[in-house]
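Q: Next up is a structure, given as structure tokens.
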Amino acid sequence: PLSLVEQAEAFTAPRGHMEMGGLMIGHVDEQGRNVCAVGIFPEQIQATPGYCEFDGKWMAICAAAADYANTQIEGGSEDTPNLRVIGWIHTHPGLGLFLSGIDIKTYEDNLNMTMDGRFVAVVVDPLEGDNGVFVSPDEPHSYSSASGAVSMDDKLKARYLAFLQRMEEVRESQGRDALPFILCGDLRMEHVSNGNADDFLESYLKSIQKIRKELKIRMENSKRDALRIDELGVRVGQTDSSVRTLRDDTVSMNREINARLDKMERKFADSIKSLTEMFEAKISEMEERLGNSLEGNDAEDGVASAKIDLTVHYKALGCSEAEG
């Protein structure tokens, strides 16, 4: 029934992402369906975000308690079924609904211990509020959701109440830590009215208290975060101011550099102009000197030519140049 899942969620949700496992007690109804009506969450030998394990002795304890209830409450119609360990329940907090490789192996081991192959696996995600009932280890992703209530006659109800009372006696002898939660399902109020503790209500109140503590911590963290945000806002404002100052200084520096470059460019242009004028003057002067030099050379060449001509005549006359 849905009440069974709600009670399981109330007990396991405060444990966060730690997985927990337990056993389901039920019967086979007149239509041949496996029905889970009550159950237990015993102490966990190991509980991690991906694995849980409890002592196998609880399978024998529950089977013995079911046999006790069947023998204590006799009579009824021939259709009144016997109680039996009919399923295994465990949580997948925040992981979703499926059977992992370890789950499949556990399911197969439990199934092999039954005489008629009747055994179900119930997976609950208490953080997401989802649940699934698996009827075969061969279909690890095929499930149906718990719903409705269990229909039972007075004799069957009496057997379940006798089973629950027997488990209270077991808890009394072994301690509450050994058996922290008994799932009463639809029989919760009748079980409590017999003077037993209301595990569901206690877990619910504990979860509320835990939620309050977590809420208080989150509020304190939020206040600290708000102060940090304000501090960061001030720092950002200071940074913005520094950035603006740096930007203004950079703009001013760029302007100064550009002005200096313009001035240097003008000086360079003036220097080039002066050098050009100076070179042009020097070139003109050199050309003038070269022209004068060429005229002097031409005059000397004429005298030399005349001398050559006289020498020829002297030779023709048979006289030396000195005699002439």
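Residues in the structure tokens are named by chain (A, B, ... in the order shown) and by number from 1 within that chain; ligands are numbered from 1 in the order shown.
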Applying 7 Å and only C-alpha atoms, which residues near Phe119 in chain A remain after dropping the ones on its own chain fewer than 3 positions away? List them as a VMD selection string.

A: chain A and resid 86 to 87 111

Q: Dump N, CA and C atoms for the selected residues as a PDB file, in the first residue's frame?

A:
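See part.pdb below for the written result:
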ATOM      1  N   ILE A  86       7.780 -11.726   2.031  1.00  0.00           N
ATOM      2  CA  ILE A  86       7.433 -11.737   0.614  1.00  0.00           C
ATOM      3  C   ILE A  86       8.198 -10.708  -0.209  1.00  0.00           C
ATOM      4  N   GLY A  87       9.040  -9.923   0.460  1.00  0.00           N
ATOM      5  CA  GLY A  87       9.763  -8.917  -0.314  1.00  0.00           C
ATOM      6  C   GLY A  87      10.925  -8.295   0.428  1.00  0.00           C
ATOM      7  N   LEU A 111      15.110 -14.879  -3.991  1.00  0.00           N
ATOM      8  CA  LEU A 111      14.113 -15.623  -4.763  1.00  0.00           C
ATOM      9  C   LEU A 111      14.387 -17.124  -4.701  1.00  0.00           C
TER      10      LEU A 111
END

Q: Can you list every residue in range 98-251 of chain A that DSSP puts in strand (DSSP E), as an MDAnalysis selection string?

A: chainID A and resid 120:125 130:134 181:183

Q: Nearest residue to Asp198 in chain A out of A:Glu168, A:Asp154, A:Glu295, A:Asp249, using only C-alpha atoms?

A: A:Glu168

Q: Counting only C-alpha atoms, which residue out of A:Gly96, A:Gly291, A:Gly195, A:Gly185 sits closest to Val5 in chain A?

A: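 Nearest candidate to Val5 in chain A out of A:Gly96, A:Gly291, A:Gly195, A:Gly185: A:Gly185.
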
Q: From the DSSP assignment of the backbone, select every residue of range 136-260 of chain A that is alpha helix (DSSP H), and format the answer as number ranges by chain.

A: A: 154-174, 188-193, 199-260
